[in-house]
Every structure is written in C-alpha cells, then in structure tokens.
Amino acid sequence: MQKIRKILFRRKILFKWSGVVLAAAFVFLPASGAWAAKVEDALSVRPDGAIYLSMRMDDLGGALKNIFSPENVEMVTSLSRPQDAGSIQLFASVFAQIPVKSLALAVGTTADGAPFLQLALSMPPALRSKLDLVSAGEAKAADIVTLLLGEGGLLLAAAVNPVLQKGEAGPYYTIEGKVALSARDDLLLMALSPQDLQDSLSALGDAKKRLALKRRFDSPNYYFLHADMPTAVALAASGQGAGETEIQNMKAILNVFKAPLEMETAFDSAPGRFLISCAINIFESMRQAARFKDLPPRPGADLFLAGEGKLLFGVSGLTTFSAADLKATYPSLTKGWESFIKEASKRGIAEKDIENLLTGSLSLVGGSNASILGRPAPGMYVALRGREGAASLILNAVLADPEFLNAVPVSPVKSAGWDTLVMVDPALIPVPLLLGVREETLFLGMIDPKGLDKKPEFSPKVAALLKEKLFAAGFFDTAAAWDRLRRELADPDSELGELVALLPGVAPDAAKILDDIMTADLGVSFIGLRSPSMDTSFVEFSLVDVPREKRLLPRLLKAAQALKLDADAVEDEDEESPLALLLAVRGAIEEEIAGDPDATPDDWAEEFSDVVTFVRTDAGLYIGAQVAGDDQKLELIENAEKFELTGSAGLGIAPDGNLYDGQEAVWIKIRK
C-alpha cells in the first residue's frame with residue numbers, strides 16, 4: 001500500500017479559464033504609468049488610518065512586448081514539455097498584444113479591515129470608440145475583453161459575463177459580481193466594489209477627492225506604501241492563531257511609530273543605467289529618529305578598507321544606539337538586554353561601552369585576498385567603528401577571558417597600523433580568521449594577514465562613492481566579481497578549479513556547459529548604493545549592451561534545458577511501467593479484500609483513484625493506466641496473454657475485452 005502511495009504522476013493544467021479567474025486577472029494586470037488623462041487622478045482619497053499601496057508606471061504595452069518577445073518565448077518553451085509549447089505561445093501572444101498604455105492602482109484596507117481596490121488604465125486613441133461604449137453601457141463582452149487583452153483575447157470572451165448596472169454616475173458593469181467596471185474619456189476604470197468605482201469617478205471630477213501622496217521624486221513610475229501602524233497591529237492581532245505573546249509583540253511596534261509610515265520607491269531608466277530611488281518618512285513617523293538628525297554624513301559612509309586585493313562588494317552605514325531607547329521601545333527585550341549587560345559587566349564591559357561601540361558605522365566588505373586550506377579565495381570582513389575607545393576596551397576584555405581563549409585559541413599577528421590583531425588557530429578553522437582593533441574600529445574577517453597593511457584595489461566608481469559624504473553607501477562590482485569567478489574556475493590550484501577538474505568524470509557534458517556559461521558577458525557591470533540623507537537612498541545599475549549571442553540568461557536557460565533533459569532521462573529510466581503499476585494496485589486491492597469478506601473491489605476505487613483509473617463493464621471492474629512510449633507498449637504486448645491485459649484508445653474509453661495490442665491505455669481486471 002505504502003509503495004503505491006509513493007508513485008508520482010505529473011498532472012499540470014497550464015490554462016483553466018473561467019469568468020472568476022479572468023476577472024481576477026483583469027484586476028491584477030502588471031503595472032504601468034500615466035498618459036494625458038493622468039490615470040492617478042482616478043484614485044480617491046484615503047484616511048490616515050488606512051493601509052494601502054499605490055503604484056503608477058508607464059508603457060505597460062511596451063514592457064509586455066519585451067517580456068513576451070519571440071526570443072523570450074522561445075527560451076521558455078525550450079524548458080517546457082513539448083505538449084505545453086502551444087499553450088505557452090498562445091498565452092504569450094495574447095499578453096504581448098495588451099493595448100494598455102499606462103496604469104495607476106490603489107489597493108489596501110480601511111481601519112476596520114474592509115478591503116478596497118481601484119485600477120485605472122489609459123488606452124490608445126484607437127480604442128476610444130470602445131471606451132465610449134463602456135461609458136454608455138452599450139459594450140459587449142468582446143469589447144471589454146479586447147480593451148484589456150487586445151484582439152488576441154477574443155477567444156476568452158465567452159468566459160466573461162458582464163452585467164450592466166445603473167449607478168449614480170451612470171451605467172457600469174460587474175463581472176462575476178467581483179469587479180465593477182466603467183470608462184471615462186481615455187480611461188478604463190475598474191474597482192473591487194461599486195462604491196470604489198463611484199469614488200474613482202468622483203475623484204476624476206474633483207481634485208479634492210483624489211489620493212494625494214507626499215512624493216519626493218519626479219519619476220512617473222513608482223510604488224508608494226502608506227501604513228498606519230495601529231491599524232496594522234489591530235488587524236494582525238485579530239487574525240487567527242495570534243496568541244497573547246504575539247499580540248504583545250505586535251503592540252510593541254506602536255512604541256516605535258508616532259505617525260503612519262510612508263515609503264516611496266521610484267524607477268527611472270536611461271541609456272546605460274537604471275535607477276531606483278527610495279524615501280521613507282522616518283523623521284515624521286518614528287519616535288526615536290530625532291537623534292539621527294544630528295548625525296553628520298561621512299565620506300563613503302565611513303566604509304572600512306583593509307587588505308590586499310580587488311574589492312568585489314561592500315556596504316556601510318552610519319549607526320547610533322541608545323539602550324534607553326531600546327528599553328522604551330521594546331519592553332519585551334529589556335530583561336534579555338539587562339541579562340546580557342550583567343554578564344558583560346563581569347568582564348569589565350559596561351552598558352555605555354556597548355553604546356559607544358554601536359555608535360559610529362558598520363561595514364561589510366568582500367573581495368580582499370584570503371585562502372581556504374592554503375588555496376586562494378576571496379576574503380570577507382565586518383567592521384564596527386565606535387567611539388571613546390570602546391573597540392579596544394571590548395576586544396581586550398574578550399581576549400582576557402579564559403573561557404573564550406579555551407574555546408577559541410588565538411595567536412598575535414603583527415601588522416602596521418593595528419593596535420591589536422590576533423588570528424584564530426588554523427587547526428580550529430582552515431581559513432585566516434582575524435580579530436583586531438585599528439583606532440576606533442573593531443574588526444573580524446577572513447583575510448590574508450600578510451597583506452592586511454596594504455590598500456585594496458577598487459574601480460573608479462567605487463573611488464567616487466568613497467569620496468561622497470553619505471549616511472549609507474554600498475556597491476557590487478559585478479564585472480570584477482565575474483572576472484574573479486572566471487579566474488578561480490580556471491585556476492587548478494583554487495578550490496573551485498579543483499572541483500571543475502572533477503566534472504568530466506562525474507558528468508561528461510558539465511564542463512562544456514560551465515564553460516559556455518562563464519564565457520558569457522553580464523548586462524549589469526556595477527551596482528551602487530547612495531544615501532545622501534537618513535531618509536533617502538538611491539540604487540543605480542550600470543548597464544552594458546551585450547550582444548544576444550553573449551548574454552548570460554539564454555546560456556543559463558540552455559544549460560537548464562540540458563540538465564532537465566538529463567534528469568528526464570534518468571526519471572524515465574526509473575519510472576515504474578504501467579504493467580508493474582497495475583499489478584501492484586491489483587495485488588493490494590485483492591489482498592485487502594481477502595482480509596475482509598464483506599469488502600468489494602468498488603470499495604477501493606476512491607482509495608486508488610489518484611493512481612489508476614477505474615471503470616466497470618459487464619465483464620467486471622477494471623483498472624487502467626496510460627501507456628507512454630514504444631518500449632512500454634512492447635512490454636505490455638509480450639505480457640498481454642499472461643496477465644489477460646486488454647486495451648483501449650484512452651482512459652476515457654472502456655476496455656474492449658480483446659488482448660492488448662498497442663493501444664494508448666492498458667487495463668487489467670480485478671479478481672474477487
């Protein structure tokens with residue numbers, strides 16, 4: 001029985017369209033932006049007590065054409081089953097023809113937990129006549145579907161049943177009772193309820209009724225989150241499974257915020273770059289943010305640099321910490337914090353020392369030279385810059401602790417410019433793990449001690465970032481990281497190089513696949529993070545125009561397809577044959593019947609219905625299975641007489657009673 005339960009079957013349904021599903025798809029179409037009609041004007045005002053996400057982006061149609069381009073569809077179908085290719089191509093052709101130019105959306109919940117959603121889509125002038133039909137209440141299902149999905153969506157029109165309704169602002173439609181829809185000028189308007197739709201129409205005619213966002217950026221493409229914390233906590237606490245402890249932890253969040261949290265994320269693109277801008281109203285919303293106002297920016301956000309070699313990534317941010325704020329904001333943590341300070345005080349570390357260590361900056365850097373088991377590898381380290389000698393005091397206290405030294409034996413290392421520097425015993429860990437202090441900075445890292453006093457190498461973009469006065473800074477030099485990975489893989493003395501040398505013996509094609517991937521070029525050469533103020537950050541992607549034949553993604557998909565084919569081949573070899581399956585199921589059923597004189601074969605039909613197909617004919621009860629491939633058919637033909645196998649053209653057709661001779665379905669009779 002247990003053996004049969006483990007038999008796996010693939011049952012995938014790519015497309016199962018219904019009116020409800022299609023209506024939901026209409027509501028959650030991908031985002032796009034504004035046009036002459038200002039789609040965002042159709043979003044109505046919301047009170048501070050609400051929680052909502054508003055978004056607006058441009059050129060939905062163009063984005064979808066790029067996503068569902070013939071090249072991308074070809075890549076996806078290459079990874080799919082052959083029988084799914086037609087459905088994928090149909091899906092892609094429909095979405096590539098969506099005529100929507102821009103979109104604005106507001107979705108969320110009121111303070112009492114009532115959900116709301118408003119969606120406005122701007123359409124090209126060629127569709128104005130259909131929009132007028134919707135506005136006048138004269139549209140048909142085909143008009144609505146083609147507005148949303150283009151002419152390619154006509155085959156879905158039968159699944160849509162718009163019902164005409166009368167409203168205060170004119171006629172509108174409902175779809176499956178879940179979506180309200182209307183139109184004005186060049187906008188198609190949709191909402192979760194008739195009232196949301198009415199509010200949307202009112203906002204178009206009255207600027208005072210429109211959703212007013214406190215935006216900081218000019219980009220037409222953005223997401224804007226407004227979160228009222230008392231509402232969020234109340235909704236979370238009222239949910240199922242929320243215990244008393246969880247509720248108290250949620251309520252602690254209210255100690256942090258004094259006003260709704262608002263966060264804007266905007267997107268801009270230009271030749272050679274893609275920019276993400278983010279702003280959070282921390283000074284207006286967070287109670288303890290005032291102390292950050294006196295924090296001055298520092299060059300490169302005080303990114304700590306150490307060690308020889310090329311830097312690959314790094315991130316740093318200015319920090320400030322107050323134990324009093326922690327206790328006031330998170331009372332549930334007070335007991336644990338006080339216990340920690342009590343233990344620290346036994347080693348000569350006071351609460352003020354911890355505060356001083358955590359007031360300064362925090363850096364995480366990777367890329368300097370290191371080694372693993374004596375083989376070259378990129379290094380990594382974390383550094384805390386504090387004040388008032390806290391770093392030196394705390395490290396000296398740790399190194400004077402016998403318990404620490406017994407657990408982590410260390411030896412001193414000499415390096416210019418370091419006040420204290422020790423290395424963990426290589427017998428304990430096979431990498432050069434260093435712990436040290438340089439001026440006000442506490443350092444922990446896996447890095448080569450021989451080059452610790454040397455300056456790392458970095459690109460001009462990193463150099464520019466390090467000169468700018470910032471509250472947070474970061475970078476990922478993807479071009480340098482890709483080059484380093486290539487060199488590591490090609491170096492037989494490196495850990496990765498040794499693994500590559502083993503590939504031909506494990507998988508003959510693996511080395512060729514890896515070489516194909518590693519000779520590709522990246523489309524993003526550098527990622528930089530800048531925070532010129534405590535509440536504003538920018539992430540910029542430096543883009544490179546890579547010829548299609550050298551792009552990484554197609555090669556990754558090609559490799560995935562090759563690995564998938566290998567996996568399918570192994571799976572096909574291990575897959576249990578229809579004959580073995582039918583004999584196993586029949587044996588299990590007959591064994592159960594033998595132990596229960598009152599049982600009948602029909603009693604087990606539901607038990608095994610997900611494994612085999614049951615059908616009753618005048619001759620008795622049969623179980624059937626699908627046949628795949630000539631090898632399986634040959635096996636069944638050879639054993640047809642021995643096991644009295646019969647066949648049919650498919651599992652939906654009853655067995656014909658004749659011996660199996662190569663049909664698509666095979667059957668065997670249950671014996672009482």
# chains A, B, ... in the order shown; residues from 1 in each chain; ligands from 1
>>> residues_around(residues="A:Ser285", least_positions_apart="2", cutoff="10 Å", atoms="only C-alpha atoms", output="MDAnalysis selection string")
chainID A and resid 228:229 256:262 280:283 287:289
>>> select_by_dssp(residues="stretch 138-225 of chain A", states="strand (DSSP E)", output="VMD selection string")
chain A and resid 162 to 167 170 to 175 179 to 184 187 to 191 221 to 225
>>> residues_around(residues="stretch 54-71 of chain A", least_positions_apart="3", cutoff="8 Å", atoms="only C-alpha atoms", output="MDAnalysis selection string")
chainID A and resid 30:35 40 74:75 92:93 95:107 220:225
>>> write_last_selection(atoms="N, CA, C and O atoms", output="tab-separated table (two decimals), in the first residue's frame")
chain	number	residue	atom	x	y	z
A	30	PRO	N	-0.18	43.61	-14.71
A	30	PRO	CA	1.07	44.26	-14.32
A	30	PRO	C	0.96	45.78	-14.40
A	30	PRO	O	0.16	46.32	-15.16
A	31	ALA	N	1.80	46.44	-13.64
A	31	ALA	CA	1.70	47.89	-13.52
A	31	ALA	C	2.30	48.63	-14.70
A	31	ALA	O	3.22	48.19	-15.33
A	32	SER	N	1.79	49.84	-14.97
A	32	SER	CA	2.38	50.74	-15.96
A	32	SER	C	2.06	52.16	-15.53
A	32	SER	O	1.60	52.40	-14.43
A	33	GLY	N	2.22	53.20	-16.36
A	33	GLY	CA	2.21	54.59	-15.89
A	33	GLY	C	1.16	55.52	-16.43
A	33	GLY	O	0.07	55.15	-16.74
A	34	ALA	N	1.46	56.79	-16.56
A	34	ALA	CA	0.47	57.81	-16.84
A	34	ALA	C	0.52	58.28	-18.27
A	34	ALA	O	1.52	58.15	-18.94
A	35	TRP	N	-0.59	58.84	-18.73
A	35	TRP	CA	-0.71	59.39	-20.08
A	35	TRP	C	-1.40	60.72	-19.95
A	35	TRP	O	-1.52	61.28	-18.87
A	40	GLU	N	-3.55	58.54	-12.43
A	40	GLU	CA	-3.55	58.63	-10.98
A	40	GLU	C	-4.67	59.50	-10.43
A	40	GLU	O	-5.01	59.41	-9.25
A	74	GLU	N	10.70	31.70	-26.89
A	74	GLU	CA	11.47	30.55	-27.37
A	74	GLU	C	12.29	29.95	-26.23
A	74	GLU	O	12.41	28.73	-26.09
A	75	MET	N	12.88	30.83	-25.38
A	75	MET	CA	13.67	30.33	-24.27
A	75	MET	C	12.79	29.56	-23.28
A	75	MET	O	13.18	28.51	-22.77
A	92	ALA	N	1.52	33.87	-24.50
A	92	ALA	CA	2.43	34.97	-24.81
A	92	ALA	C	1.86	35.88	-25.89
A	92	ALA	O	1.99	37.11	-25.80
A	93	SER	N	1.24	35.30	-26.91
A	93	SER	CA	0.71	36.12	-28.00
A	93	SER	C	-0.41	37.03	-27.51
A	93	SER	O	-0.55	38.16	-27.98
A	95	PHE	N	-0.80	38.24	-24.28
A	95	PHE	CA	-0.29	39.29	-23.41
A	95	PHE	C	0.62	40.26	-24.15
A	95	PHE	O	0.76	41.41	-23.73
A	96	ALA	N	1.24	39.84	-25.21
A	96	ALA	CA	2.07	40.75	-26.00
A	96	ALA	C	1.23	41.77	-26.75
A	96	ALA	O	1.75	42.79	-27.21
A	97	GLN	N	-0.07	41.51	-26.88
A	97	GLN	CA	-0.95	42.42	-27.61
A	97	GLN	C	-1.79	43.31	-26.70
A	97	GLN	O	-2.66	44.04	-27.17
A	98	ILE	N	-1.57	43.24	-25.40
A	98	ILE	CA	-2.36	44.07	-24.48
A	98	ILE	C	-2.17	45.54	-24.85
A	98	ILE	O	-1.04	46.04	-24.90
A	99	PRO	N	-3.26	46.26	-25.10
A	99	PRO	CA	-3.14	47.63	-25.62
A	99	PRO	C	-2.98	48.72	-24.56
A	99	PRO	O	-2.86	49.88	-24.89
A	100	VAL	N	-3.01	48.35	-23.27
A	100	VAL	CA	-2.97	49.35	-22.21
A	100	VAL	C	-1.67	50.15	-22.28
A	100	VAL	O	-0.58	49.58	-22.38
A	101	LYS	N	-1.79	51.48	-22.21
A	101	LYS	CA	-0.60	52.33	-22.26
A	101	LYS	C	-0.03	52.59	-20.87
A	101	LYS	O	1.17	52.63	-20.68
A	102	SER	N	-0.90	52.81	-19.89
A	102	SER	CA	-0.41	53.14	-18.56
A	102	SER	C	-1.42	52.69	-17.53
A	102	SER	O	-2.57	52.40	-17.83
A	103	LEU	N	-0.99	52.67	-16.28
A	103	LEU	CA	-1.83	52.13	-15.21
A	103	LEU	C	-1.56	52.85	-13.91
A	103	LEU	O	-0.43	53.23	-13.60
A	104	ALA	N	-2.60	53.02	-13.11
A	104	ALA	CA	-2.48	53.51	-11.73
A	104	ALA	C	-3.35	52.62	-10.86
A	104	ALA	O	-4.47	52.27	-11.23
A	105	LEU	N	-2.85	52.29	-9.69
A	105	LEU	CA	-3.54	51.34	-8.81
A	105	LEU	C	-3.45	51.80	-7.37
A	105	LEU	O	-2.43	52.31	-6.93
A	106	ALA	N	-4.52	51.58	-6.63
A	106	ALA	CA	-4.52	51.75	-5.18
A	106	ALA	C	-5.23	50.54	-4.59
A	106	ALA	O	-6.38	50.26	-4.94
A	107	VAL	N	-4.55	49.81	-3.73
A	107	VAL	CA	-5.13	48.62	-3.11
A	107	VAL	C	-4.76	48.61	-1.65
A	107	VAL	O	-3.64	48.96	-1.27
A	220	PRO	N	7.61	59.11	-13.13
A	220	PRO	CA	6.23	58.68	-13.30
A	220	PRO	C	6.01	57.22	-12.92
A	220	PRO	O	4.88	56.75	-12.90
A	221	ASN	N	7.09	56.51	-12.63
A	221	ASN	CA	7.00	55.09	-12.28
A	221	ASN	C	7.34	54.93	-10.80
A	221	ASN	O	8.48	55.18	-10.40
A	222	TYR	N	6.38	54.50	-10.01
A	222	TYR	CA	6.65	54.43	-8.58
A	222	TYR	C	5.69	53.48	-7.87
A	222	TYR	O	4.62	53.12	-8.39
A	223	TYR	N	6.11	53.08	-6.68
A	223	TYR	CA	5.27	52.41	-5.70
A	223	TYR	C	5.27	53.29	-4.45
A	223	TYR	O	6.32	53.78	-4.04
A	224	PHE	N	4.10	53.43	-3.83
A	224	PHE	CA	4.00	54.27	-2.63
A	224	PHE	C	3.21	53.50	-1.58
A	224	PHE	O	2.04	53.15	-1.79
A	225	LEU	N	3.85	53.24	-0.45
A	225	LEU	CA	3.21	52.50	0.63
A	225	LEU	C	2.84	53.45	1.76
A	225	LEU	O	3.67	54.24	2.21
>>> residues_around(residues="A:Thr231", least_positions_apart="6", cutoff="12 Å", atoms="only C-alpha atoms", output="list in words")
Pro47, Asp48, Gly49, Ala50, Ile51, Tyr52, Gly108, Thr109, Thr110, Ala111, Asp112, Gly113, Ala114, Ala237, Ser238, Met250, Lys251, Ile253, Leu254, Ala259, Pro260 and Leu261 of chain A
>>> closest_atom_pairs(of="stretch 509-617 of chain A", to="stretch 485-496 of chain A", cutoff="12 Å", atoms="only C-alpha atoms", output="tab-separated table")
residue	atom	partner	partner_atom	distance
A:Ala511	CA	A:Leu489	CA	10.6
A:Leu514	CA	A:Leu489	CA	9.5
A:Asp515	CA	A:Arg486	CA	9.3
A:Asp516	CA	A:Arg486	CA	11.5
A:Ile517	CA	A:Arg486	CA	10.1
A:Met518	CA	A:Arg486	CA	6.4
A:Thr519	CA	A:Arg486	CA	8.3
A:Ala520	CA	A:Arg486	CA	10.4
A:Asp521	CA	A:Arg486	CA	11.2
>>> residues_around(residues="stretch 654-666 of chain A", least_positions_apart="6", cutoff="7 Å", atoms="only C-alpha atoms", output="PyMOL selection string")
chain A and resi 615+624-627+633+637+640-641+644-648
>>> residues_around(residues="stretch 304-316 of chain A", least_positions_apart="3", cutoff="7 Å", atoms="only C-alpha atoms", output="list in words")
Ala301, Ser361, Leu362, Ser363, Leu364, Val365, Gly366, Gly367, Ser368, Asn369, Ala383, Ile447, Gly451, Leu452, Asp453, Lys454, Lys455, Pro456, Glu457, Phe458, Ala472, Ala473, Gly474, Phe475, Phe476, Asp477, Ala480 and Ala481 of chain A
>>> write_last_selection(atoms="C-alpha atoms", output="compact mmCIF listing (two decimals), in the first residue's frame")
# COMPACT_ATOMS: atom_id res chain seq x y z
CA ALA A 301 29.60 56.37 4.84
CA SER A 361 29.43 52.91 11.49
CA LEU A 362 29.06 49.31 10.36
CA SER A 363 30.86 47.90 7.29
CA LEU A 364 30.62 44.58 5.46
CA VAL A 365 33.21 44.09 2.70
CA GLY A 366 34.17 41.22 0.42
CA GLY A 367 36.89 40.63 -2.14
CA SER A 368 40.26 41.09 -0.46
CA ASN A 369 42.71 38.19 -0.70
CA ALA A 383 33.99 46.19 10.91
CA ILE A 447 41.57 37.83 5.13
CA GLY A 451 48.55 41.98 3.03
CA LEU A 452 46.47 43.50 5.79
CA ASP A 453 48.52 46.68 5.93
CA LYS A 454 48.12 47.26 2.18
CA LYS A 455 45.34 49.16 0.48
CA PRO A 456 42.79 47.24 -1.61
CA GLU A 457 42.16 47.88 -5.28
CA PHE A 458 38.81 49.23 -6.48
CA ALA A 472 24.96 54.79 3.77
CA ALA A 473 26.98 53.52 0.83
CA GLY A 474 27.35 50.25 -0.98
CA PHE A 475 28.48 48.65 -4.19
CA PHE A 476 28.64 45.35 -6.00
CA ASP A 477 31.28 45.39 -8.71
CA ALA A 480 35.06 42.41 -11.16
CA ALA A 481 33.23 39.59 -9.39
>>> residues_around(residues="A:Met423", least_positions_apart="2", cutoff="10 Å", atoms="only C-alpha atoms", output="PyMOL selection string")
chain A and resi 408-413+421+425-426+431-436+444-446+449
>>> decode(residues="stretch 327-446 of chain A", atoms="C-alpha atoms", output="short mmCIF file (atom, residue, chain, number, x, y, z; two decimals), in the first residue's frame")
data_model
loop_
_atom_site.label_atom_id
_atom_site.label_comp_id
_atom_site.auth_asym_id
_atom_site.auth_seq_id
_atom_site.Cartn_x
_atom_site.Cartn_y
_atom_site.Cartn_z
CA LYS A 327 14.10 49.62 26.65
CA ALA A 328 11.43 52.22 25.99
CA THR A 329 10.63 50.96 22.50
CA TYR A 330 10.83 47.21 23.09
CA PRO A 331 9.93 46.48 26.73
CA SER A 332 9.87 42.75 25.99
CA LEU A 333 13.62 42.89 25.25
CA THR A 334 14.54 44.68 28.46
CA LYS A 335 15.02 41.53 30.52
CA GLY A 336 17.26 39.93 27.92
CA TRP A 337 19.26 43.12 27.47
CA GLU A 338 19.83 43.54 31.19
CA SER A 339 20.93 39.91 31.47
CA PHE A 340 23.42 40.48 28.64
CA ILE A 341 24.82 43.63 30.30
CA LYS A 342 25.13 41.78 33.62
CA GLU A 343 27.30 39.11 32.01
CA ALA A 344 29.33 41.71 30.11
CA SER A 345 30.00 43.68 33.28
CA LYS A 346 31.71 40.61 34.77
CA ARG A 347 34.32 41.04 32.03
CA GLY A 348 34.67 44.77 32.58
CA ILE A 349 32.31 45.86 29.79
CA ALA A 350 29.67 48.42 30.76
CA GLU A 351 26.43 49.31 29.02
CA LYS A 352 27.94 52.62 27.95
CA ASP A 353 30.79 50.74 26.24
CA ILE A 354 28.28 48.80 24.12
CA GLU A 355 26.52 52.04 23.24
CA ASN A 356 29.83 53.61 22.22
CA LEU A 357 30.78 50.63 20.05
CA LEU A 358 27.41 50.72 18.25
CA THR A 359 27.52 54.46 17.64
CA GLY A 360 29.62 55.13 14.57
CA SER A 361 29.43 52.91 11.49
CA LEU A 362 29.06 49.31 10.36
CA SER A 363 30.86 47.90 7.29
CA LEU A 364 30.62 44.58 5.46
CA VAL A 365 33.21 44.09 2.70
CA GLY A 366 34.17 41.22 0.42
CA GLY A 367 36.89 40.63 -2.14
CA SER A 368 40.26 41.09 -0.46
CA ASN A 369 42.71 38.19 -0.70
CA ALA A 370 42.27 35.20 1.59
CA SER A 371 42.72 31.44 1.40
CA ILE A 372 40.93 28.20 2.23
CA LEU A 373 43.19 25.27 3.14
CA GLY A 374 46.06 27.23 1.65
CA ARG A 375 44.29 27.80 -1.66
CA PRO A 376 43.49 31.35 -2.89
CA ALA A 377 39.95 32.60 -2.24
CA PRO A 378 38.18 35.95 -1.87
CA GLY A 379 38.08 37.34 1.65
CA MET A 380 35.34 38.98 3.67
CA TYR A 381 35.16 41.04 6.84
CA VAL A 382 32.86 43.04 9.08
CA ALA A 383 33.99 46.19 10.91
CA LEU A 384 32.36 48.28 13.64
CA ARG A 385 33.65 51.82 14.13
CA GLY A 386 32.76 53.13 17.58
CA ARG A 387 33.96 55.95 19.79
CA GLU A 388 35.72 56.73 23.08
CA GLY A 389 38.00 53.66 22.86
CA ALA A 390 35.11 51.18 23.06
CA ALA A 391 36.51 48.83 20.40
CA SER A 392 39.86 48.41 22.15
CA LEU A 393 38.27 48.06 25.60
CA ILE A 394 35.85 45.36 24.48
CA LEU A 395 38.37 43.31 22.46
CA ASN A 396 40.92 43.39 25.29
CA ALA A 397 38.22 42.22 27.69
CA VAL A 398 37.32 39.34 25.37
CA LEU A 399 40.95 38.30 24.89
CA ALA A 400 41.47 38.34 28.66
CA ASP A 401 38.57 35.92 29.20
CA PRO A 402 39.89 32.38 29.87
CA GLU A 403 36.63 30.80 28.72
CA PHE A 404 36.92 32.49 25.32
CA LEU A 405 40.58 31.56 24.90
CA ASN A 406 39.90 27.92 25.81
CA ALA A 407 37.13 27.74 23.22
CA VAL A 408 38.87 29.87 20.57
CA PRO A 409 42.68 29.72 20.79
CA VAL A 410 44.36 32.70 19.11
CA SER A 411 47.88 33.90 18.42
CA PRO A 412 49.10 37.50 17.94
CA VAL A 413 49.80 38.91 14.49
CA LYS A 414 51.92 41.96 13.73
CA SER A 415 50.72 44.42 11.12
CA ALA A 416 51.43 48.14 10.71
CA GLY A 417 48.70 50.45 11.95
CA TRP A 418 46.86 47.91 14.10
CA ASP A 419 46.54 48.39 17.84
CA THR A 420 45.64 44.75 18.44
CA LEU A 421 45.50 41.85 15.98
CA VAL A 422 45.12 38.12 16.59
CA MET A 423 44.43 35.11 14.36
CA VAL A 424 42.33 32.10 15.31
CA ASP A 425 44.32 28.86 15.45
CA PRO A 426 44.34 27.37 11.89
CA ALA A 427 43.85 23.94 13.48
CA LEU A 428 40.41 25.13 14.61
CA ILE A 429 39.31 26.66 11.32
CA PRO A 430 41.13 26.25 7.97
CA VAL A 431 40.91 29.92 6.97
CA PRO A 432 42.84 33.01 8.14
CA LEU A 433 40.27 34.37 10.63
CA LEU A 434 41.46 37.64 12.17
CA LEU A 435 40.18 39.67 15.10
CA GLY A 436 41.57 43.11 15.77
CA VAL A 437 41.29 46.80 16.51
CA ARG A 438 42.54 49.72 14.43
CA GLU A 439 41.95 53.07 16.11
CA GLU A 440 38.19 53.08 16.89
CA THR A 441 37.29 50.11 14.70
CA LEU A 442 36.62 46.54 15.85
CA PHE A 443 37.43 44.10 13.03
CA LEU A 444 36.51 40.47 12.32
CA GLY A 445 37.35 38.93 8.98
CA MET A 446 38.64 36.13 6.80
#
